[in-house]
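The file my_file.txt comes next; it holds compact mmCIF, C-alpha atoms and all ligand atoms.
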```
# COMPACT_ATOMS: atom_id res chain seq x y z
CA MET X 290 65.11 106.50 74.59
CA ALA X 291 68.00 104.73 76.35
CA LYS X 292 69.29 101.65 74.59
CA LYS X 293 68.65 98.28 76.19
CA ARG X 294 71.70 96.74 77.80
CA ILE X 295 73.26 93.45 76.83
CA PHE X 296 75.74 91.39 78.81
CA SER X 297 77.56 88.45 77.31
CA GLY X 298 80.83 86.64 77.88
CA MET X 299 83.18 84.01 76.54
CA GLN X 300 85.62 81.76 78.36
CA PRO X 301 89.28 82.14 77.36
CA SER X 302 89.67 78.44 76.60
CA GLY X 303 92.48 78.96 74.07
CA ARG X 304 90.52 77.05 71.43
CA PHE X 305 88.80 79.72 69.37
CA HIS X 306 87.00 78.15 66.42
CA MET X 307 84.55 79.25 63.76
CA GLY X 308 81.61 78.62 66.11
CA ASN X 309 83.04 81.25 68.47
CA TYR X 310 83.67 83.50 65.48
CA GLN X 311 80.00 83.31 64.59
CA VAL X 312 79.01 84.34 68.13
CA LEU X 313 81.39 87.25 67.68
CA THR X 314 79.85 88.31 64.35
CA ASN X 315 76.48 88.28 66.10
CA TRP X 316 77.87 90.54 68.84
CA ILE X 317 79.28 92.88 66.19
CA LYS X 318 75.74 93.31 64.81
CA LEU X 319 74.30 93.81 68.32
CA GLN X 320 76.84 96.52 69.17
CA GLU X 321 75.02 98.86 66.74
CA GLU X 322 71.65 98.43 68.43
CA TYR X 323 72.33 97.87 72.14
CA ASP X 324 74.45 99.17 74.99
CA CYS X 325 76.75 96.14 75.12
CA ILE X 326 79.04 94.82 77.83
CA PHE X 327 81.27 91.93 76.76
CA SER X 328 83.49 90.09 79.19
CA ILE X 329 86.31 87.59 78.90
CA VAL X 330 85.03 85.41 81.72
CA ASP X 331 88.25 83.97 83.10
CA TRP X 332 86.69 82.90 86.44
CA HIS X 333 84.16 80.85 84.48
CA SER X 334 86.97 79.00 82.76
CA LEU X 335 88.17 77.86 86.21
CA THR X 336 84.82 76.19 86.95
CA SER X 337 85.75 73.31 84.67
CA SER X 338 89.51 73.77 84.26
CA TYR X 339 91.19 74.92 87.46
CA GLU X 340 94.29 72.70 87.74
CA ASP X 341 96.69 74.50 85.44
CA THR X 342 96.27 78.25 85.18
CA SER X 343 99.71 78.96 83.70
CA LYS X 344 98.32 79.70 80.21
CA LEU X 345 95.47 81.92 81.38
CA PRO X 346 97.15 85.34 80.81
CA GLU X 347 98.15 84.30 77.28
CA ARG X 348 94.63 83.01 76.54
CA ILE X 349 93.05 86.22 77.75
CA GLU X 350 95.31 88.28 75.51
CA THR X 351 94.60 85.97 72.58
CA MET X 352 90.88 86.29 73.09
CA ALA X 353 91.05 90.07 73.32
CA LEU X 354 93.00 90.11 70.06
CA ASP X 355 90.43 87.83 68.41
CA TRP X 356 87.57 90.07 69.49
CA LEU X 357 89.15 93.36 68.52
CA SER X 358 90.51 92.20 65.17
CA ALA X 359 87.09 90.78 64.24
CA GLY X 360 85.55 94.23 64.71
CA LEU X 361 84.29 94.50 68.29
CA ASP X 362 84.59 98.19 69.11
CA PRO X 363 86.09 99.05 72.56
CA GLU X 364 84.45 102.50 72.46
CA LYS X 365 80.94 101.42 71.50
CA ASN X 366 81.07 98.51 73.97
CA ILE X 367 82.56 97.87 77.37
CA ILE X 368 85.12 95.09 76.88
CA PHE X 369 86.86 93.76 79.97
CA VAL X 370 88.17 90.74 81.87
CA GLN X 371 85.78 89.39 84.51
CA SER X 372 88.40 88.97 87.28
CA HIS X 373 89.42 92.64 86.91
CA VAL X 374 86.05 93.64 88.41
CA LYS X 375 85.92 92.02 91.85
CA GLU X 376 82.27 92.92 92.36
CA HIS X 377 81.40 89.83 90.27
CA ALA X 378 82.79 87.68 93.08
CA GLU X 379 81.01 89.61 95.82
CA LEU X 380 77.62 89.36 94.12
CA HIS X 381 78.21 85.69 93.33
CA LEU X 382 78.86 85.07 97.03
CA LEU X 383 75.71 86.89 98.13
CA LEU X 384 73.54 85.10 95.57
CA SER X 385 74.97 81.75 96.66
CA MET X 386 73.62 82.38 100.19
CA MET X 387 70.01 82.54 99.02
CA THR X 388 69.89 80.05 96.14
CA PRO X 389 68.52 76.60 97.03
CA LEU X 390 70.97 73.86 96.11
CA SER X 391 68.21 71.95 94.31
CA TRP X 392 67.80 74.80 91.82
CA LEU X 393 71.44 74.43 90.76
CA GLU X 394 71.34 70.63 90.71
CA ARG X 395 68.34 70.49 88.41
CA VAL X 396 69.93 72.54 85.57
CA PRO X 397 69.77 69.97 82.72
CA THR X 398 73.29 70.60 81.44
CA TYR X 399 74.83 70.16 84.93
CA LYS X 400 74.60 66.36 85.19
CA ASP X 401 75.41 65.84 81.49
CA LYS X 402 78.54 67.95 81.69
CA LEU X 403 79.54 66.42 85.00
CA GLN X 404 79.44 62.99 83.39
CA GLN X 405 81.10 64.15 80.15
CA LEU X 406 83.99 65.86 81.96
CA GLY X 407 84.27 62.99 84.46
CA GLU X 408 84.76 60.58 81.55
CA MET X 409 87.55 62.84 80.31
CA GLY X 410 89.27 62.27 83.69
CA LYS X 411 88.44 65.67 85.21
CA GLU X 412 87.70 65.96 88.92
CA ILE X 413 84.84 68.35 88.61
CA ASN X 414 82.64 67.59 91.59
CA THR X 415 83.26 71.06 92.98
CA TYR X 416 81.13 73.91 94.28
CA GLY X 417 82.52 76.16 91.54
CA PHE X 418 81.23 73.88 88.81
CA LEU X 419 77.80 73.51 90.41
CA GLY X 420 77.68 77.25 91.03
CA TYR X 421 78.45 78.16 87.41
CA PRO X 422 74.91 79.48 86.70
CA GLU X 423 75.13 81.49 89.91
CA LEU X 424 78.27 83.25 88.69
CA MET X 425 76.63 83.76 85.29
CA THR X 426 73.65 85.38 87.05
CA ALA X 427 75.96 87.69 88.99
CA ASP X 428 77.69 88.69 85.71
CA ILE X 429 74.43 89.65 84.06
CA ILE X 430 72.65 91.42 86.89
CA LEU X 431 75.67 93.35 88.12
CA TYR X 432 75.10 95.52 85.04
CA LYS X 433 71.30 95.27 85.18
CA ALA X 434 71.34 93.83 81.67
CA ASN X 435 67.91 93.59 80.01
CA VAL X 436 68.92 91.25 77.25
CA VAL X 437 71.24 88.24 77.00
CA PRO X 438 72.17 86.56 73.71
CA VAL X 439 72.07 82.82 74.34
CA ALA X 440 72.17 79.58 72.43
CA GLU X 441 69.12 77.37 72.87
CA ASP X 442 70.89 74.97 75.28
CA GLN X 443 71.65 77.88 77.63
CA LEU X 444 68.00 78.89 78.05
CA PRO X 445 67.61 76.89 81.32
CA HIS X 446 70.55 78.83 82.77
CA LEU X 447 68.86 82.12 81.99
CA GLU X 448 65.56 80.89 83.40
CA LEU X 449 67.42 80.04 86.61
CA SER X 450 68.88 83.57 86.66
CA ARG X 451 65.37 84.97 86.40
CA GLU X 452 64.25 82.79 89.33
CA ILE X 453 67.18 83.97 91.44
CA ILE X 454 66.30 87.60 90.59
CA ARG X 455 62.69 87.02 91.71
CA ARG X 456 63.85 85.39 94.94
CA PHE X 457 66.16 88.32 95.63
CA ALA X 458 63.26 90.76 95.04
CA ASN X 459 60.97 88.79 97.40
CA LEU X 460 63.56 88.51 100.15
CA TYR X 461 64.93 92.06 99.98
CA LYS X 462 63.82 94.55 97.32
CA PRO X 463 63.51 94.46 93.54
CA VAL X 464 66.87 95.72 92.35
CA PHE X 465 67.42 93.83 89.09
CA PRO X 466 65.44 93.64 85.84
CA GLU X 467 64.64 90.13 84.59
CA PRO X 468 66.77 89.72 81.46
CA GLN X 469 65.16 88.46 78.28
CA PRO X 470 66.95 86.03 75.96
CA ILE X 471 67.68 86.66 72.32
CA LEU X 472 68.50 83.43 70.62
CA SER X 473 71.83 83.22 68.83
CA PRO X 474 71.98 80.58 66.12
CA LEU X 475 74.88 78.15 66.48
CA LEU X 476 77.22 77.27 63.66
CA PRO X 477 77.42 73.47 63.42
CA GLY X 478 80.61 71.46 63.07
CA ILE X 479 81.55 69.97 59.71
CA ASP X 480 79.60 66.78 60.57
CA GLY X 481 76.44 68.75 61.37
CA ARG X 482 76.68 68.26 65.17
CA LYS X 483 77.44 71.07 67.61
CA MET X 484 80.90 72.44 66.81
CA SER X 485 83.30 71.24 69.47
CA LYS X 486 86.96 70.35 69.64
CA SER X 487 86.02 67.21 71.57
CA TYR X 488 84.06 65.97 68.51
CA GLY X 489 86.97 66.87 66.22
CA ASN X 490 84.49 68.62 63.91
CA GLU X 491 85.65 72.21 64.31
CA ILE X 492 87.30 74.62 61.90
CA PRO X 493 89.96 76.48 63.87
CA TYR X 494 89.70 80.23 63.67
CA ALA X 495 93.41 80.44 62.89
CA ALA X 496 93.17 77.87 60.06
CA GLU X 497 95.30 78.52 56.95
CA PRO X 498 93.60 78.54 53.50
CA ASP X 499 94.53 74.90 52.73
CA GLU X 500 93.07 73.70 56.01
CA ILE X 501 89.86 75.68 55.47
CA SER X 502 89.40 74.17 51.99
CA ALA X 503 90.07 70.67 53.29
CA ARG X 504 87.62 71.02 56.18
CA VAL X 505 84.91 72.49 53.93
CA ARG X 506 85.33 69.58 51.48
CA LEU X 507 84.48 67.22 54.40
CA MET X 508 81.26 69.05 55.34
CA VAL X 509 78.02 67.11 55.30
CA THR X 510 75.40 68.27 52.80
CA ASP X 511 71.73 67.43 52.14
CA PRO X 512 71.85 63.61 52.45
CA GLN X 513 68.96 63.22 49.97
CA ARG X 514 70.98 64.87 47.21
CA VAL X 515 72.84 61.93 45.76
CA LYS X 516 73.42 63.07 42.16
CA LYS X 517 74.29 66.52 40.90
CA THR X 518 70.97 66.59 39.01
CA ASP X 519 68.94 65.98 42.21
CA PRO X 520 67.43 69.21 43.61
CA GLY X 521 68.85 69.94 47.08
CA ASN X 522 67.46 71.40 50.26
CA PRO X 523 69.81 74.08 51.64
CA ASP X 524 67.80 74.32 54.87
CA ILE X 525 69.24 71.00 56.06
CA CYS X 526 72.73 71.50 54.65
CA THR X 527 75.70 72.42 56.85
CA VAL X 528 77.48 74.07 53.91
CA TYR X 529 74.56 76.43 53.45
CA THR X 530 74.52 77.34 57.15
CA PHE X 531 78.09 78.56 56.65
CA HIS X 532 77.16 80.37 53.41
CA LYS X 533 74.62 82.40 55.39
CA ILE X 534 77.47 83.74 57.52
CA PHE X 535 80.17 84.16 54.90
CA SER X 536 78.44 84.75 51.54
CA PRO X 537 76.46 87.94 51.07
CA GLU X 538 74.86 86.34 47.98
CA HIS X 539 73.68 83.26 49.89
CA ASN X 540 70.10 83.74 48.62
CA GLU X 541 71.33 82.95 45.10
CA ILE X 542 72.85 79.71 46.40
CA THR X 543 69.42 78.72 47.75
CA GLY X 544 67.89 78.99 44.27
CA HIS X 545 70.80 77.23 42.56
CA CYS X 546 70.65 74.39 45.07
CA ARG X 547 66.89 73.93 44.82
CA ASN X 548 66.92 73.79 41.02
CA ALA X 549 70.12 71.73 40.88
CA SER X 550 72.00 74.31 38.84
CA ILE X 551 75.00 74.07 41.16
CA GLY X 552 76.76 70.93 42.38
CA CYS X 553 77.87 70.43 45.97
CA VAL X 554 81.56 70.38 44.98
CA GLU X 555 81.25 73.82 43.38
CA CYS X 556 79.09 75.10 46.24
CA LYS X 557 81.76 74.05 48.77
CA LYS X 558 84.50 75.61 46.66
CA ARG X 559 82.65 78.94 46.68
CA LEU X 560 82.18 78.73 50.44
CA ALA X 561 85.86 77.99 51.06
CA GLU X 562 86.83 81.00 48.90
CA LYS X 563 84.50 83.29 50.86
CA MET X 564 85.78 82.03 54.20
CA ILE X 565 89.41 82.40 53.17
CA MET X 566 88.77 85.95 51.92
CA THR X 567 86.92 87.02 55.09
CA LEU X 568 89.45 85.48 57.42
CA ALA X 569 92.43 86.89 55.50
CA ASP X 570 91.22 90.41 56.36
CA VAL X 571 90.60 89.57 59.99
CA HIS X 572 93.87 87.67 60.40
CA GLY X 573 95.76 90.57 58.77
CA ARG X 574 94.29 93.02 61.29
CA ARG X 575 95.04 90.55 64.07
CA ARG X 576 98.72 90.29 63.08
CA GLU X 577 99.00 94.10 63.16
CA MET X 578 97.35 94.38 66.57
CA ALA X 579 99.48 91.58 68.01
CA LYS X 580 102.54 93.78 67.47
CA ASN X 581 101.31 96.04 70.26
CA PRO X 582 100.32 93.94 73.30
CA GLU X 583 100.52 96.98 75.57
CA LYS X 584 97.68 98.59 73.63
CA ILE X 585 95.52 95.50 74.21
CA LYS X 586 96.24 95.65 77.95
CA GLU X 587 95.35 99.37 77.97
CA LEU X 588 92.04 98.72 76.21
CA LEU X 589 91.14 95.98 78.70
CA ALA X 590 92.05 98.25 81.63
CA TYR X 591 89.89 101.01 80.13
CA GLY X 592 86.99 98.56 79.77
CA ALA X 593 87.41 97.32 83.37
CA GLU X 594 87.36 100.89 84.66
CA ARG X 595 84.06 101.58 82.89
CA ALA X 596 82.58 98.25 84.02
CA ARG X 597 83.68 98.83 87.61
CA LYS X 598 81.79 102.14 87.79
CA ILE X 599 78.49 100.43 86.96
CA ALA X 600 79.27 97.41 89.14
CA ALA X 601 80.17 99.59 92.15
CA THR X 602 76.86 101.46 91.94
CA THR X 603 74.90 98.21 91.76
CA MET X 604 76.76 96.73 94.72
CA GLU X 605 76.04 99.83 96.84
CA GLU X 606 72.37 99.25 96.17
CA VAL X 607 72.66 95.51 96.90
CA ARG X 608 74.50 96.05 100.18
CA SER X 609 71.95 98.66 101.21
CA VAL X 610 68.87 96.46 100.64
CA MET X 611 70.63 93.54 102.36
CA ASN X 612 71.67 95.73 105.34
CA LEU X 613 75.35 95.02 104.76
CA GLY X 614 77.97 97.64 105.61
FE1 LIG X 701 74.34 72.08 50.27
FE2 LIG X 701 75.30 73.62 48.38
FE3 LIG X 701 74.95 70.99 47.95
FE4 LIG X 701 72.88 72.60 48.18
S1 LIG X 701 74.43 72.69 46.58
S2 LIG X 701 73.10 70.62 49.16
S3 LIG X 701 73.58 74.09 49.69
S4 LIG X 701 76.39 71.94 49.39
```

What does the file become when written as structure tokens?
Amino acid sequence: MAKKRIFSGMQPSGRFHMGNYQVLTNWIKLQEEYDCIFSIVDWHSLTSSYEDTSKLPERIETMALDWLSAGLDPEKNIIFVQSHVKEHAELHLLLSMMTPLSWLERVPTYKDKLQQLGEMGKEINTYGFLGYPELMTADIILYKANVVPVAEDQLPHLELSREIIRRFANLYKPVFPEPQPILSPLLPGIDGRKMSKSYGNEIPYAAEPDEISARVRLMVTDPQRVKKTDPGNPDICTVYTFHKIFSPEHNEITGHCRNASIGCVECKKRLAEKMIMTLADVHGRRREMAKNPEKIKELLAYGAERARKIAATTMEEVRSVMNLG
């Protein structure tokens, strides 16, 4: 039986942190089970940051290096840069003709982000920003993806994609499957909120051992656990959420925490050691790969070529059902 297809992407923002790394580790698991297409979505990064594009090529290369050194396989998956496959733009344009404006305006994150970015002094009242979910829909359906890994706050975007797909099918012909979400857990920041550079609660992916230890020491724990002899609850502890990603023996930690046989200081120390060890391997591979930027470019070109073949076939079908030449 053919594997189900996944599409997912990341913006080359130049601020890769441990939250992004966790998304990546999730993708690395998915690559064994699904037919995966992963894209560095550079056009998406312009929807909220279009003024200065001078660092974009460097950010794309950095992101490709991050992905490959973490273990994303360019043979098992299609890995490419969104703007290298122009069909994304064509499908985005066609979808924008048939999507009611009100559908885009009611996406819950739209107004929040508009306000948030406005407060940061960004002029973001643009079509591109409003049309972000439209471009995301084009990305997914261009490859007829069946499954999309999403964080909970992105579910309304995917629901909108499904509505657009249904509208397309009613107006023309059913061409696209309705993708199903698989929820990706999010790694919180050190204060327990969503990890974000704007909150200052992130752990940079490139952090050196001292910085990792210092950031882990600041992590919030179970607030009810005041003394070392108090039993803790790992389910509400940020440190434990990180242990689940970095410590294969995290189940032991659960027991030790619940019966108060480990203190939070020791628990954090063990986490920092695990993170430093894991990242040392990844950073070592990354340094090696960075010596050969041409190879990275070749791999992205290879990925774009494979993506383009699928995208071209889909667009032939789309043009045909829409009676376009
Ligand atoms: Fe969290 Fe570890 Fe302390 Fe338990 S022992 S509350 S898991 S830091």

Which protein, DNA or RNA residues have an atom within 12 Å of ligand LIG 701 (chain X), counting only C-alpha atoms and all ligand atoms, as JSON, numbers by chain? {"X": [479, 481, 505, 506, 507, 508, 509, 510, 511, 512, 513, 514, 515, 516, 517, 518, 519, 520, 521, 522, 523, 524, 525, 526, 527, 528, 529, 530, 531, 532, 533, 536, 539, 540, 541, 542, 543, 544, 545, 546, 547, 548, 549, 550, 551, 552, 553, 554, 555, 556, 557, 558, 559, 560, 561]}

With a distance cut-off of 7 Å and all atoms listed in the file, select the neighbouring residues of range 294-303 of chain X, excluding the residue or stretch itself and same-chain residues fewer than 3 positions from it, and output the selection as a PyMOL selection string. chain X and resi 323-331+333-334+348-349+352+429+434-438

Return the single residue from X:Met566, X:Val607, X:Met307, X:Leu406 that is closest to Ser487 in chain X, with distances computed using only C-alpha atoms. X:Leu406

Rank nothing, just name the residue among X:Ile367, X:Lys433, X:Phe305, X:Trp332 nearest to Ala600 in chain X, using all atoms listed in the file.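 Nearest candidate to Ala600 in chain X out of X:Ile367, X:Lys433, X:Phe305, X:Trp332: X:Lys433.
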
Rank X:Glu594, X:Glu408, X:Glu321, X:Glu452 by their smallest atom-to-atom distance to Asp362 in chain X, using all atoms listed in the file, and report the top residue only. X:Glu321

What's around Lys462 in chain X at 12 Å? Count all atoms listed in the file, leave out sequence neighbours fewer than 4 positions away in its own chain, and write the answer as a PyMOL selection string. chain X and resi 454-458+466+606-612

Please measure the separation of CA of Glu340 in chain X and CA of Asn414 in chain X, giving the value in Å to one decimal. 13.3 Å

When you draw a straight line from CA of Gly573 in chain X to CA of Asp480 in chain X, how long is it in Å?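 These atoms are spaced 28.8 Å apart.
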
Smallest atom-to-atom distance to Ala359 in chain X: which of X:Leu449, X:Ala427, X:Leu313, X:Val374, using all atoms listed in the file?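 Among the listed residues, the smallest separation from Ala359 in chain X belongs to X:Leu313.
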
Using all atoms listed in the file, which of X:Ile501, X:Met290, X:Ile599, X:Gly410 sits nearest Thr567 in chain X? X:Ile501

Quick one: pull the distance between CA of Leu588 in chain X and CA of Asn366 in chain X, Å, one decimal.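 If I compute the distance from CA of Leu588 in chain X to CA of Asn366 in chain X, I get 11.2 Å.
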
Could you check which of X:Lys483, X:Arg597, X:Lys293, X:His306 is closest to Gln371 in chain X, using all atoms listed in the file? X:Arg597

Please identify all polymer residues within 10 Å of Met578 in chain X, counting only C-alpha atoms, omitting same-chain residues fewer than 4 positions from it, and present them as a list in words.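 The residues that qualify are Leu354, Asp355, Leu357, Ser358, His572, Gly573, Arg574, Pro582, Glu583, Lys584 and Ile585 of chain X.
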
Edge lengths and centre in Å to one decimal, as AutoDock Vina command-line options, is what I'm after for the box along x, y and z that holds all listed atoms of range 571-579 of chain X once 4 Å is added on each side.
```
--center_x 95.0 --center_y 91.0 --center_z 63.4 --size_x 16.9 --size_y 14.7 --size_z 17.2
```

Hey, can you pull every residue with an atom no more than 8 Å from (71.1, 84.0, 88.6), using only C-alpha atoms, and send it as a PyMOL selection string? chain X and resi 384+422-427+429-430+446-447+449-454

Taking the point (75.1, 69.2, 85.5) as given in the file, collect each protein or nucleic acid residue that comes within 12 Å of it, counting all atoms listed in the file, and present the set as a ChimeraX atom specification. /X:337,391-407,413-422,445-446
